[in-house]
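Okay, target23.cif now, which holds mmCIF, C-alpha atoms:
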data_final
loop_
_atom_site.label_atom_id
_atom_site.label_comp_id
_atom_site.auth_asym_id
_atom_site.auth_seq_id
_atom_site.Cartn_x
_atom_site.Cartn_y
_atom_site.Cartn_z
CA MET E 1 21.34 -35.40 -1.76
CA LYS E 2 19.73 -37.90 -4.09
CA PRO E 3 20.56 -41.55 -4.82
CA PRO E 4 23.20 -42.21 -7.47
CA ARG E 5 22.16 -44.02 -10.62
CA PHE E 6 21.69 -47.79 -10.35
CA SER E 7 19.99 -50.58 -12.24
CA TYR E 8 16.75 -51.44 -10.49
CA HIS E 9 15.44 -55.00 -10.33
CA ASP E 10 12.22 -56.17 -8.70
CA PRO E 11 12.14 -59.95 -8.93
CA THR E 12 8.88 -61.75 -8.17
CA THR E 13 10.36 -65.08 -7.07
CA VAL E 14 13.17 -65.98 -4.68
CA GLU E 15 14.86 -67.96 -7.48
CA GLU E 16 14.86 -64.89 -9.70
CA ALA E 17 16.36 -62.81 -6.86
CA LEU E 18 19.06 -65.44 -6.28
CA GLY E 19 19.86 -65.46 -10.01
CA LEU E 20 20.35 -61.68 -9.90
CA LEU E 21 22.59 -62.02 -6.85
CA THR E 22 24.67 -64.68 -8.61
CA ARG E 23 25.09 -62.38 -11.61
CA HIS E 24 25.70 -59.11 -9.79
CA GLY E 25 26.93 -60.25 -6.37
CA ASP E 26 29.33 -57.64 -5.03
CA ALA E 27 27.89 -54.84 -7.17
CA ALA E 28 24.36 -55.35 -5.81
CA LYS E 29 22.48 -54.27 -2.71
CA ILE E 30 19.27 -55.90 -1.54
CA LEU E 31 16.47 -53.40 -0.90
CA ALA E 32 14.05 -54.70 1.75
CA GLY E 33 12.39 -52.08 3.99
CA GLY E 34 14.97 -49.53 2.87
CA GLN E 35 15.13 -47.72 6.21
CA SER E 36 18.93 -48.10 6.36
CA LEU E 37 19.82 -48.57 2.69
CA MET E 38 17.83 -45.58 1.41
CA PRO E 39 19.58 -43.07 3.72
CA MET E 40 22.92 -44.51 2.59
CA LEU E 41 21.85 -44.15 -1.05
CA ASN E 42 20.52 -40.63 -0.51
CA PHE E 43 23.85 -39.64 1.05
CA ARG E 44 25.77 -41.64 -1.56
CA LEU E 45 27.58 -43.56 1.16
CA VAL E 46 26.96 -46.60 -1.04
CA ARG E 47 26.92 -46.66 -4.84
CA PRO E 48 25.70 -50.09 -5.86
CA GLY E 49 25.53 -50.78 -9.58
CA HIS E 50 22.37 -52.81 -8.97
CA VAL E 51 19.54 -52.52 -6.46
CA ILE E 52 17.53 -55.70 -6.05
CA ASP E 53 14.16 -54.81 -4.53
CA ILE E 54 12.74 -57.91 -2.80
CA ASN E 55 9.43 -56.33 -1.78
CA ARG E 56 7.54 -58.38 -4.35
CA LEU E 57 8.63 -61.64 -2.71
CA GLY E 58 5.38 -62.10 -0.79
CA ASP E 59 6.43 -65.62 0.29
CA LEU E 60 8.99 -64.01 2.59
CA ALA E 61 6.41 -61.85 4.37
CA THR E 62 4.70 -64.43 6.55
CA VAL E 63 4.86 -65.44 10.21
CA VAL E 64 4.14 -69.14 10.64
CA PRO E 65 3.93 -71.07 13.92
CA GLY E 66 6.69 -73.67 13.84
CA PRO E 67 5.81 -77.37 14.33
CA ASP E 68 7.92 -77.42 17.51
CA GLY E 69 6.04 -74.51 19.10
CA GLY E 70 8.50 -71.93 17.81
CA LEU E 71 8.08 -69.45 14.98
CA GLN E 72 9.21 -69.21 11.38
CA ILE E 73 9.38 -65.61 10.29
CA GLY E 74 9.93 -64.55 6.70
CA ALA E 75 12.79 -62.07 6.33
CA LEU E 76 10.49 -59.51 4.70
CA VAL E 77 7.93 -59.26 7.53
CA ARG E 78 7.62 -55.60 8.52
CA GLN E 79 8.54 -54.63 12.06
CA ARG E 80 5.14 -52.95 12.44
CA ALA E 81 3.40 -56.21 11.48
CA LEU E 82 5.43 -58.06 14.11
CA GLU E 83 4.55 -55.38 16.66
CA ARG E 84 0.84 -55.92 15.96
CA SER E 85 1.05 -59.71 15.89
CA ALA E 86 -0.71 -61.63 18.67
CA LEU E 87 1.41 -64.66 17.72
CA ILE E 88 4.61 -62.73 18.45
CA ARG E 89 3.31 -61.47 21.81
CA GLU E 90 2.34 -65.01 22.76
CA ARG E 91 5.32 -66.98 21.43
CA CYS E 92 8.12 -64.45 21.54
CA PRO E 93 7.53 -61.86 24.29
CA LEU E 94 11.10 -60.51 24.10
CA MET E 95 10.65 -59.47 20.48
CA ALA E 96 7.34 -57.82 21.39
CA LEU E 97 9.17 -55.87 24.12
CA ALA E 98 11.97 -54.86 21.75
CA LEU E 99 9.97 -53.64 18.75
CA PRO E 100 8.73 -50.33 20.24
CA PHE E 101 12.41 -49.35 20.65
CA VAL E 102 13.20 -49.92 16.96
CA GLY E 103 13.30 -46.51 15.24
CA HIS E 104 9.88 -44.83 15.15
CA ALA E 105 6.48 -46.19 14.11
CA GLN E 106 6.97 -44.50 10.72
CA ILE E 107 10.24 -46.41 10.27
CA ARG E 108 8.82 -49.73 11.51
CA ALA E 109 5.99 -49.43 8.97
CA ARG E 110 8.57 -50.19 6.25
CA GLY E 111 11.48 -51.74 8.13
CA THR E 112 11.75 -55.53 8.04
CA LEU E 113 13.16 -58.08 10.46
CA GLY E 114 15.49 -59.53 7.82
CA GLY E 115 16.68 -56.10 6.75
CA SER E 116 17.62 -55.14 10.29
CA LEU E 117 19.57 -58.38 10.73
CA ALA E 118 21.31 -58.26 7.34
CA HIS E 119 22.28 -54.61 7.93
CA GLY E 120 23.97 -55.63 11.20
CA ASP E 121 24.02 -52.28 12.96
CA PRO E 122 25.72 -52.87 16.32
CA ALA E 123 23.32 -50.48 18.09
CA ALA E 124 20.21 -52.22 16.73
CA GLU E 125 17.88 -54.09 19.05
CA LEU E 126 16.73 -56.96 16.84
CA PRO E 127 20.16 -58.56 16.24
CA ALA E 128 20.69 -58.70 20.02
CA VAL E 129 17.23 -60.19 20.50
CA MET E 130 17.98 -62.88 17.91
CA VAL E 131 21.22 -63.80 19.66
CA ALA E 132 19.45 -63.91 23.04
CA LEU E 133 16.75 -66.19 21.65
CA GLY E 134 19.09 -68.55 19.81
CA ALA E 135 17.45 -67.82 16.45
CA ARG E 136 18.58 -69.70 13.35
CA LEU E 137 18.82 -67.82 10.07
CA THR E 138 18.29 -69.38 6.66
CA LEU E 139 20.60 -68.05 3.94
CA ARG E 140 19.86 -69.00 0.35
CA SER E 141 21.83 -68.67 -2.84
CA ALA E 142 21.75 -70.32 -6.24
CA ARG E 143 24.35 -72.70 -4.74
CA GLY E 144 21.93 -73.94 -2.11
CA ARG E 145 20.67 -73.24 1.36
CA ARG E 146 22.33 -73.13 4.76
CA THR E 147 21.26 -72.22 8.26
CA ILE E 148 23.39 -70.35 10.74
CA ALA E 149 22.96 -69.46 14.40
CA ALA E 150 22.33 -65.76 15.02
CA GLU E 151 25.35 -65.77 17.30
CA ASP E 152 27.61 -66.70 14.36
CA PHE E 153 25.87 -64.42 11.85
CA PHE E 154 26.99 -61.02 13.16
CA LEU E 155 30.69 -60.57 12.49
CA SER E 156 31.38 -56.90 13.05
CA SER E 157 29.87 -53.47 12.56
CA LEU E 158 27.62 -53.70 9.45
CA ALA E 159 29.29 -57.01 8.55
CA THR E 160 27.54 -60.37 8.60
CA ALA E 161 28.17 -63.94 7.45
CA LEU E 162 26.11 -63.30 4.28
CA ALA E 163 28.12 -64.05 1.14
CA PRO E 164 27.64 -61.60 -1.75
CA ASP E 165 25.34 -64.05 -3.56
CA GLU E 166 23.27 -64.97 -0.50
CA LEU E 167 19.85 -63.77 0.61
CA LEU E 168 18.55 -64.02 4.17
CA THR E 169 15.12 -65.61 3.68
CA GLU E 170 13.86 -66.89 7.01
CA ILE E 171 14.38 -66.63 10.74
CA ALA E 172 13.45 -69.62 12.92
CA LEU E 173 12.87 -69.06 16.61
CA PRO E 174 12.85 -71.95 19.06
CA PRO E 175 9.83 -72.45 21.33
CA TRP E 176 9.65 -70.08 24.26
CA PRO E 177 10.85 -72.08 27.27
CA ALA E 178 8.61 -72.53 30.34
CA ARG E 179 9.04 -70.25 33.39
CA THR E 180 11.01 -67.77 31.30
CA GLY E 181 10.82 -64.01 31.63
CA SER E 182 12.56 -61.46 29.45
CA SER E 183 13.36 -57.80 29.24
CA LEU E 184 14.95 -55.25 26.95
CA GLN E 185 16.50 -52.16 28.49
CA GLU E 186 18.22 -49.36 26.64
CA VAL E 187 19.27 -45.76 27.01
CA ALA E 188 18.94 -43.39 24.07
CA ILE E 189 19.01 -39.60 24.00
CA ARG E 190 15.45 -39.62 22.65
CA ARG E 191 12.99 -42.48 22.25
CA GLY E 192 13.63 -43.99 18.81
CA ASP E 193 17.20 -42.71 18.51
CA PHE E 194 20.11 -45.10 18.28
CA ALA E 195 20.79 -46.65 21.67
CA LEU E 196 23.87 -45.49 23.57
CA GLY E 197 23.73 -48.97 24.98
CA GLY E 198 21.21 -51.69 25.71
CA VAL E 199 20.70 -55.20 27.00
CA ALA E 200 18.32 -57.97 25.96
CA ALA E 201 17.95 -60.68 28.58
CA THR E 202 15.98 -63.81 29.30
CA LEU E 203 15.86 -65.64 32.60
CA THR E 204 14.48 -69.14 33.13
CA LEU E 205 13.61 -70.51 36.56
CA ASP E 206 13.79 -74.23 37.29
CA ALA E 207 11.13 -76.09 39.26
CA GLN E 208 12.92 -75.23 42.53
CA GLY E 209 13.00 -71.51 41.76
CA ARG E 210 16.72 -71.47 40.95
CA VAL E 211 18.06 -70.00 37.73
CA GLY E 212 17.85 -72.73 35.09
CA ASP E 213 19.15 -70.61 32.24
CA ALA E 214 20.01 -67.00 31.49
CA ARG E 215 20.84 -65.12 28.31
CA ILE E 216 22.36 -61.66 28.47
CA VAL E 217 23.16 -59.86 25.23
CA CYS E 218 24.54 -56.32 25.18
CA PHE E 219 24.15 -54.05 22.14
CA GLY E 220 25.52 -50.65 21.17
CA VAL E 221 28.63 -51.35 23.23
CA GLY E 222 30.76 -53.21 20.70
CA PRO E 223 31.04 -53.92 16.98
CA ARG E 224 28.33 -56.61 17.25
CA PRO E 225 25.90 -57.99 19.84
CA VAL E 226 27.96 -59.20 22.81
CA ARG E 227 26.79 -62.22 24.76
CA ALA E 228 27.87 -61.84 28.39
CA THR E 229 28.60 -65.52 28.94
CA ALA E 230 30.49 -65.10 32.22
CA ALA E 231 27.50 -63.23 33.65
CA GLU E 232 25.14 -65.93 32.38
CA ARG E 233 27.23 -68.72 33.94
CA SER E 234 27.41 -66.91 37.26
CA LEU E 235 23.61 -67.09 37.57
CA VAL E 236 22.84 -70.64 36.45
CA GLY E 237 22.13 -73.07 39.28
CA GLY E 238 21.94 -70.37 41.95
CA ALA E 239 19.13 -68.46 43.60
CA PRO E 240 18.18 -65.31 41.68
CA SER E 241 19.01 -63.05 44.64
CA ALA E 242 19.59 -59.32 44.38
CA THR E 243 23.28 -59.97 45.07
CA ALA E 244 23.48 -62.53 42.26
CA LEU E 245 21.83 -60.15 39.77
CA ALA E 246 24.14 -57.30 40.79
CA GLU E 247 27.17 -59.56 40.34
CA ALA E 248 25.88 -60.61 36.90
CA GLY E 249 25.61 -56.92 36.01
CA ARG E 250 29.21 -56.37 37.08
CA LEU E 251 30.35 -59.33 34.94
CA ALA E 252 28.32 -58.09 31.97
CA SER E 253 30.05 -54.72 32.22
CA ALA E 254 33.42 -56.49 32.36
CA SER E 255 32.59 -58.39 29.16
CA VAL E 256 32.33 -55.31 26.93
CA GLU E 257 34.97 -52.90 25.65
CA PRO E 258 32.99 -50.05 24.11
CA SER E 259 34.78 -47.18 22.40
CA ASP E 260 34.24 -43.43 22.66
CA ASP E 261 32.22 -41.50 20.14
CA ILE E 262 30.57 -38.08 20.00
CA HIS E 263 27.50 -39.37 21.84
CA ALA E 264 29.11 -41.01 24.87
CA SER E 265 32.43 -42.16 26.24
CA GLY E 266 33.45 -45.79 26.29
CA ALA E 267 33.67 -45.67 30.08
CA TYR E 268 30.06 -44.47 30.32
CA ARG E 269 28.89 -47.20 27.96
CA LYS E 270 30.76 -49.88 29.90
CA ARG E 271 29.10 -48.81 33.14
CA LEU E 272 25.75 -48.52 31.37
CA ALA E 273 25.95 -52.12 30.11
CA GLY E 274 26.27 -53.37 33.68
CA VAL E 275 23.46 -51.22 35.06
CA LEU E 276 21.11 -52.19 32.22
CA ALA E 277 22.04 -55.89 32.49
CA ALA E 278 21.14 -55.93 36.20
CA ARG E 279 17.94 -54.01 35.48
CA ALA E 280 16.98 -56.32 32.60
CA LEU E 281 17.59 -59.40 34.74
CA ALA E 282 15.49 -58.02 37.61
CA THR E 283 12.62 -57.28 35.22
CA ALA E 284 12.95 -60.67 33.53
CA LEU E 285 12.96 -62.35 36.94
CA GLU E 286 9.68 -60.64 37.87
CA SER E 287 7.91 -61.99 34.80
CA ALA E 288 9.53 -65.44 35.14
CA ALA E 289 8.40 -65.61 38.76
CA ALA E 290 4.88 -64.61 37.77
CA LEU E 291 4.85 -67.39 35.16
CA ALA E 292 6.26 -69.95 37.60
CA ALA E 293 3.73 -69.09 40.32
CA MET K 1 22.35 -43.90 -18.69
CA THR K 2 19.00 -42.96 -17.24
CA GLU K 3 16.75 -45.83 -16.27
CA THR K 4 13.01 -45.11 -16.11
CA ARG K 5 9.80 -46.98 -15.32
CA ASP K 6 6.14 -46.26 -15.97
CA ILE K 7 4.10 -46.41 -12.80
CA ALA K 8 0.43 -45.99 -11.85
CA LEU K 9 -0.75 -45.12 -8.36
CA ALA K 10 -3.63 -43.42 -6.55
CA VAL K 11 -2.71 -40.10 -4.99
CA ASN K 12 -5.34 -38.56 -2.70
CA GLY K 13 -7.97 -40.69 -4.39
CA GLN K 14 -7.00 -39.66 -7.92
CA PRO K 15 -5.44 -42.19 -10.31
CA ARG K 16 -2.07 -40.87 -11.46
CA ARG K 17 0.52 -42.09 -13.93
CA ALA K 18 4.14 -41.10 -14.27
CA THR K 19 7.38 -42.05 -15.91
CA VAL K 20 10.02 -41.95 -13.19
CA GLU K 21 13.73 -42.44 -12.98
CA THR K 22 14.15 -45.58 -10.87
CA ARG K 23 16.32 -43.69 -8.36
CA THR K 24 13.63 -41.02 -7.74
CA THR K 25 12.20 -41.04 -4.22
CA LEU K 26 8.46 -40.94 -3.62
CA VAL K 27 8.60 -37.48 -2.06
CA ASP K 28 10.39 -36.07 -5.10
CA LEU K 29 7.76 -37.59 -7.39
CA LEU K 30 4.99 -36.01 -5.32
CA ARG K 31 6.64 -32.60 -5.26
CA GLU K 32 8.37 -32.29 -8.61
CA GLU K 33 6.04 -34.25 -10.88
CA PHE K 34 2.65 -33.93 -9.19
CA ARG K 35 3.38 -30.46 -7.69
CA LEU K 36 2.04 -31.56 -4.29
CA THR K 37 4.44 -29.37 -2.36
CA GLY K 38 2.79 -29.66 1.06
CA THR K 39 5.04 -32.66 1.71
CA HIS K 40 8.45 -31.28 2.57
CA VAL K 41 11.98 -32.62 2.17
CA GLY K 42 14.12 -32.19 5.25
CA CYS K 43 16.94 -34.52 6.18
CA GLU K 44 16.61 -37.20 3.49
CA HIS K 45 17.61 -39.91 5.93
CA GLY K 46 14.38 -40.62 7.75
CA VAL K 47 15.06 -38.66 10.93
CA CYS K 48 13.09 -35.42 10.62
CA GLY K 49 9.71 -36.73 9.46
CA ALA K 50 8.85 -33.72 7.27
CA CYS K 51 8.27 -35.98 4.24
CA THR K 52 5.86 -38.36 6.01
CA VAL K 53 2.96 -39.50 3.81
CA LEU K 54 0.54 -42.41 4.00
CA VAL K 55 1.18 -45.37 1.73
CA ASP K 56 -1.63 -47.93 1.81
CA GLY K 57 -2.73 -46.34 5.08
CA GLU K 58 0.65 -46.52 6.86
CA ALA K 59 2.62 -43.40 7.77
CA VAL K 60 6.03 -43.77 6.09
CA ARG K 61 8.97 -41.60 5.13
CA GLY K 62 8.55 -40.33 1.57
CA CYS K 63 12.33 -39.92 1.29
CA LEU K 64 13.03 -43.58 2.11
CA LEU K 65 10.79 -45.12 -0.53
CA LEU K 66 11.52 -45.15 -4.23
CA ALA K 67 8.72 -43.85 -6.41
CA VAL K 68 8.78 -47.15 -8.36
CA GLN K 69 8.01 -48.95 -5.12
CA ALA K 70 4.74 -47.01 -4.88
CA ASP K 71 3.56 -48.50 -8.18
CA GLY K 72 0.01 -49.71 -7.49
CA ALA K 73 -0.10 -48.09 -4.05
CA ARG K 74 -2.61 -45.72 -2.47
CA VAL K 75 -0.80 -42.56 -1.37
CA GLU K 76 -2.26 -39.82 0.84
CA THR K 77 -0.59 -36.46 1.35
CA VAL K 78 -1.37 -33.44 3.53
CA GLU K 79 -3.31 -31.93 0.60
CA SER K 80 -6.01 -34.58 1.15
CA LEU K 81 -6.90 -33.43 4.66
CA ALA K 82 -8.83 -30.16 4.25
CA PRO K 83 -12.40 -30.68 2.98
CA ASP K 84 -12.15 -27.63 0.68
CA PRO K 85 -9.76 -24.72 0.10
CA GLU K 86 -11.62 -22.51 2.61
CA HIS K 87 -11.73 -24.93 5.55
CA LEU K 88 -9.40 -27.05 7.63
CA ASN K 89 -10.25 -30.47 9.04
CA PRO K 90 -10.78 -30.84 12.82
CA LEU K 91 -7.18 -32.00 13.48
CA GLN K 92 -5.76 -29.09 11.50
CA THR K 93 -8.12 -26.67 13.26
CA GLU K 94 -7.03 -27.86 16.73
CA LEU K 95 -3.37 -27.71 15.74
CA VAL K 96 -3.78 -24.05 14.77
CA ARG K 97 -5.88 -23.25 17.86
CA HIS K 98 -3.29 -24.74 20.24
CA HIS K 99 -0.28 -23.13 18.57
CA GLY K 100 0.98 -26.49 17.32
CA VAL K 101 2.10 -24.69 14.14
CA GLN K 102 4.73 -22.03 13.76
CA CYS K 103 6.95 -22.01 10.69
CA GLY K 104 5.04 -24.96 9.23
CA PHE K 105 7.95 -26.87 7.77
CA CYS K 106 7.32 -30.00 9.86
CA THR K 107 3.52 -29.64 9.95
CA GLY K 108 2.58 -31.61 6.84
CA GLY K 109 4.44 -34.70 7.98
CA ILE K 110 3.17 -34.42 11.52
CA LEU K 111 -0.43 -34.13 10.34
CA MET K 112 -0.05 -37.31 8.30
CA SER K 113 1.51 -39.29 11.17
CA LEU K 114 -1.21 -38.12 13.54
CA THR K 115 -3.88 -38.91 10.94
CA ALA K 116 -2.64 -42.51 10.66
CA ALA K 117 -2.27 -42.86 14.42
CA LEU K 118 -5.79 -41.53 15.07
CA ARG K 119 -7.28 -43.95 12.54
CA ASP K 120 -5.51 -46.79 14.36
CA ASN K 121 -6.54 -45.54 17.77
CA PRO K 122 -9.11 -42.72 17.91
CA ARG K 123 -8.52 -42.10 21.63
CA PRO K 124 -4.76 -42.00 22.19
CA THR K 125 -3.27 -41.17 25.58
CA GLU K 126 -0.77 -38.34 25.96
CA THR K 127 2.05 -40.92 26.01
CA GLU K 128 0.81 -42.46 22.77
CA ILE K 129 0.56 -39.03 21.15
CA ARG K 130 4.13 -38.27 22.21
CA ASP K 131 5.27 -41.63 20.81
CA THR K 132 3.81 -40.68 17.42
CA LEU K 133 5.40 -37.22 17.57
CA ALA K 134 8.77 -38.75 18.51
CA GLY K 135 9.16 -39.62 14.84
CA HIS K 136 9.24 -35.90 13.95
CA LEU K 137 11.48 -32.93 14.53
CA CYS K 138 9.92 -29.53 15.17
CA ARG K 139 12.32 -26.71 16.03
CA CYS K 140 9.62 -24.09 16.78
CA THR K 141 6.80 -25.30 18.96
CA GLY K 142 8.34 -27.55 21.58
CA TYR K 143 5.60 -30.09 20.71
CA GLN K 144 3.38 -29.20 23.69
CA GLY K 145 0.86 -27.37 21.50
CA MET K 146 0.59 -30.42 19.26
CA VAL K 147 -0.05 -32.70 22.22
CA ASP K 148 -2.72 -30.29 23.51
CA ALA K 149 -4.31 -30.14 20.06
CA VAL K 150 -4.71 -33.90 19.78
CA LEU K 151 -5.97 -34.18 23.37
CA ALA K 152 -8.54 -31.46 22.63
CA LEU K 153 -9.61 -33.28 19.47
CA VAL K 154 -10.02 -36.55 21.39
CA GLU K 155 -11.97 -34.69 24.10
CA SER K 156 -14.32 -33.08 21.55
CA ARG K 157 -15.34 -36.43 20.05
#

When written as structure tokens, how does the structure in this file appear?
Amino acid sequence: MKPPRFSYHDPTTVEEALGLLTRHGDAAKILAGGQSLMPMLNFRLVRPGHVIDINRLGDLATVVPGPDGGLQIGALVRQRALERSALIRERCPLMALALPFVGHAQIRARGTLGGSLAHGDPAAELPAVMVALGARLTLRSARGRRTIAAEDFFLSSLATALAPDELLTEIALPPWPARTGSSLQEVAIRRGDFALGGVAATLTLDAQGRVGDARIVCFGVGPRPVRATAAERSLVGGAPSATALAEAGRLASASVEPSDDIHASGAYRKRLAGVLAARALATALESAAALAA
Amino acid sequence: MTETRDIALAVNGQPRRATVETRTTLVDLLREEFRLTGTHVGCEHGVCGACTVLVDGEAVRGCLLLAVQADGARVETVESLAPDPEHLNPLQTELVRHHGVQCGFCTGGILMSLTAALRDNPRPTETEIRDTLAGHLCRCTGYQGMVDAVLALVESR
């Protein structure tokens, strides 16, 4: 099919975009990379009266090292640009690991970080990575500006904390902690397909080689990224033994309640979350240990 | 009410102008307006890859970009590959030689993705070639002939 009729706007400043959102709010959709919105338009699953194309907002397409050693990433930065960025590899290894799993190269060439987050697909990798990293998102509207933790941003399947007049403009990542390894594991029918389930994890060793911190975020197994807090707590302060990682995997599995669909049963996905969590932690531990050595 | 825009872009090195409905996708502009029908329309949701073209050098889905968004862009389609109507380029030649083509529906998109990937990295490994092909569906060849074709091309360089 073809997109339904809509009024097309291509503002050149953020203020202009926010003005359009104030005016058209609920009747408008933001067009960033378009790799999720365009299919929905082509299939007429959405019929917005207004499409606000933000691709001319060049200010939102930059990656800037943060003053604290973190990163400030404009919402419009393409996934392919992030994949090629030495700064991302150096300051945010988990995102570098995750990007090759996001769609295909041809999709990442247009897809943006902000678009993936604002779309809020529960099977998407980048929302889970943002939750694992403790990213903070800047939301702007004509009313002002607020920041929100990634963990509070994703509400449910394709639903986020964005108000109808708000635009996600920037993602701030904290500095990568010392002695921290990370991993992203997922199972999909084919590389680039939607994940049947996946886990993004980071693991930080303290000076004594015990687990100082752990983040375990499951995706594709619930309506939004699920942080396996019980599994995280079980690791902190202890030795990262094989037994401890296996137990964390079991707890991660217990923390999700995935449902059945045509691709896999809920029971399979629940088991998968545990297996992938243990695998992600083991891989993260290897790189953390290499960094600590 | 029909909303239109005037746009100007470079298609296969030629400056082109068009008046497009704002909801028209790039692939429909290329096919319907410019009659460049080597780029095919398959799934219209970015999965099959048949509509893949290069926009400012990047392989993208022609069905997931509005034509108005290509205003000012440099677009390359499969029609730009052959040096003249009688000859194929080396990638096309190898694809034919290794039976990487059967019905041809997916071929235009695959050629454009491989073209972009080979510009990025002229000596891809088999894994890298398969990664590029993963963004395409081919229901005839089983992909092996395409992989062999690119490996042969790399070998011949």

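Separating atom CA of Met95 of chain E from atom CA of Ala75 of chain E is a distance of 14.5 Å.
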
Do a neighbour search on Ala61 of chain E at 6 Å with all atoms listed in the file, toss out local chain neighbours closer than 2 positions, and write the hits as a list in words.
Gly58, Asp59, Gly74, Leu76 and Val77 of chain E

Translate the PyMOL selection byres ((chain E) within 8 of (chain K)) into a concrete residue list for this structure, as a PDB file with C-alpha atoms, in the frame of the given file.
ATOM      1  CA  MET E   1      21.340 -35.400  -1.760  1.00  0.00           C
ATOM      2  CA  LYS E   2      19.730 -37.900  -4.090  1.00  0.00           C
ATOM      3  CA  PRO E   3      20.560 -41.550  -4.820  1.00  0.00           C
ATOM      4  CA  PRO E   4      23.200 -42.210  -7.470  1.00  0.00           C
ATOM      5  CA  ARG E   5      22.160 -44.020 -10.620  1.00  0.00           C
ATOM      6  CA  PHE E   6      21.690 -47.790 -10.350  1.00  0.00           C
ATOM      7  CA  SER E   7      19.990 -50.580 -12.240  1.00  0.00           C
ATOM      8  CA  TYR E   8      16.750 -51.440 -10.490  1.00  0.00           C
ATOM      9  CA  GLY E  34      14.970 -49.530   2.870  1.00  0.00           C
ATOM     10  CA  GLN E  35      15.130 -47.720   6.210  1.00  0.00           C
ATOM     11  CA  MET E  38      17.830 -45.580   1.410  1.00  0.00           C
ATOM     12  CA  PRO E  39      19.580 -43.070   3.720  1.00  0.00           C
ATOM     13  CA  MET E  40      22.920 -44.510   2.590  1.00  0.00           C
ATOM     14  CA  ASN E  42      20.520 -40.630  -0.510  1.00  0.00           C
ATOM     15  CA  PHE E  43      23.850 -39.640   1.050  1.00  0.00           C
ATOM     16  CA  HIS E 104       9.880 -44.830  15.150  1.00  0.00           C
ATOM     17  CA  ALA E 105       6.480 -46.190  14.110  1.00  0.00           C
ATOM     18  CA  GLN E 106       6.970 -44.500  10.720  1.00  0.00           C
ATOM     19  CA  ILE E 107      10.240 -46.410  10.270  1.00  0.00           C
ATOM     20  CA  ALA E 109       5.990 -49.430   8.970  1.00  0.00           C
ATOM     21  CA  ARG E 110       8.570 -50.190   6.250  1.00  0.00           C
ATOM     22  CA  ARG E 190      15.450 -39.620  22.650  1.00  0.00           C
ATOM     23  CA  ARG E 191      12.990 -42.480  22.250  1.00  0.00           C
ATOM     24  CA  GLY E 192      13.630 -43.990  18.810  1.00  0.00           C
TER      25      GLY E 192
END

Written as a PyMOL selection string, what is the full residue list that the PyMOL selection byres ((chain E and resi 241) around 12) yields on the file shown?
chain E and resi 209-211+234-240+242-248+278+281-282+285-286

Which residues come within 9 Å of Ala10 of chain K, counting all atoms listed in the file, excluding same-chain residues fewer than 4 positions away, as a PyMOL selection string?
chain K and resi 14-17+71-76

Give me the residues near segment 183-189 of chain E as JSON, numbers by chain, where near means some atom within 9 Å (using all atoms listed in the file) and where sequence neighbours in that chain fewer than 2 positions away do not count.
{"E": [93, 94, 95, 97, 98, 101, 125, 129, 181, 191, 192, 193, 194, 195, 196, 197, 198, 199, 200, 201, 202, 203, 219, 263, 272, 273, 276, 277, 279, 280, 281, 282, 283, 284, 285, 287]}

Keeping C-alpha atoms, export the residues of the selection given above as an mmCIF file, in the frame of the given file.
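Listing of selection_8.cif after writing:
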data_model
loop_
_atom_site.group_PDB
_atom_site.id
_atom_site.type_symbol
_atom_site.label_atom_id
_atom_site.label_comp_id
_atom_site.auth_asym_id
_atom_site.auth_seq_id
_atom_site.Cartn_x
_atom_site.Cartn_y
_atom_site.Cartn_z
ATOM 1 C CA PRO E 93 7.530 -61.860 24.290
ATOM 2 C CA LEU E 94 11.100 -60.510 24.100
ATOM 3 C CA MET E 95 10.650 -59.470 20.480
ATOM 4 C CA LEU E 97 9.170 -55.870 24.120
ATOM 5 C CA ALA E 98 11.970 -54.860 21.750
ATOM 6 C CA PHE E 101 12.410 -49.350 20.650
ATOM 7 C CA GLU E 125 17.880 -54.090 19.050
ATOM 8 C CA VAL E 129 17.230 -60.190 20.500
ATOM 9 C CA GLY E 181 10.820 -64.010 31.630
ATOM 10 C CA ARG E 191 12.990 -42.480 22.250
ATOM 11 C CA GLY E 192 13.630 -43.990 18.810
ATOM 12 C CA ASP E 193 17.200 -42.710 18.510
ATOM 13 C CA PHE E 194 20.110 -45.100 18.280
ATOM 14 C CA ALA E 195 20.790 -46.650 21.670
ATOM 15 C CA LEU E 196 23.870 -45.490 23.570
ATOM 16 C CA GLY E 197 23.730 -48.970 24.980
ATOM 17 C CA GLY E 198 21.210 -51.690 25.710
ATOM 18 C CA VAL E 199 20.700 -55.200 27.000
ATOM 19 C CA ALA E 200 18.320 -57.970 25.960
ATOM 20 C CA ALA E 201 17.950 -60.680 28.580
ATOM 21 C CA THR E 202 15.980 -63.810 29.300
ATOM 22 C CA LEU E 203 15.860 -65.640 32.600
ATOM 23 C CA PHE E 219 24.150 -54.050 22.140
ATOM 24 C CA HIS E 263 27.500 -39.370 21.840
ATOM 25 C CA LEU E 272 25.750 -48.520 31.370
ATOM 26 C CA ALA E 273 25.950 -52.120 30.110
ATOM 27 C CA LEU E 276 21.110 -52.190 32.220
ATOM 28 C CA ALA E 277 22.040 -55.890 32.490
ATOM 29 C CA ARG E 279 17.940 -54.010 35.480
ATOM 30 C CA ALA E 280 16.980 -56.320 32.600
ATOM 31 C CA LEU E 281 17.590 -59.400 34.740
ATOM 32 C CA ALA E 282 15.490 -58.020 37.610
ATOM 33 C CA THR E 283 12.620 -57.280 35.220
ATOM 34 C CA ALA E 284 12.950 -60.670 33.530
ATOM 35 C CA LEU E 285 12.960 -62.350 36.940
ATOM 36 C CA SER E 287 7.910 -61.990 34.800
#
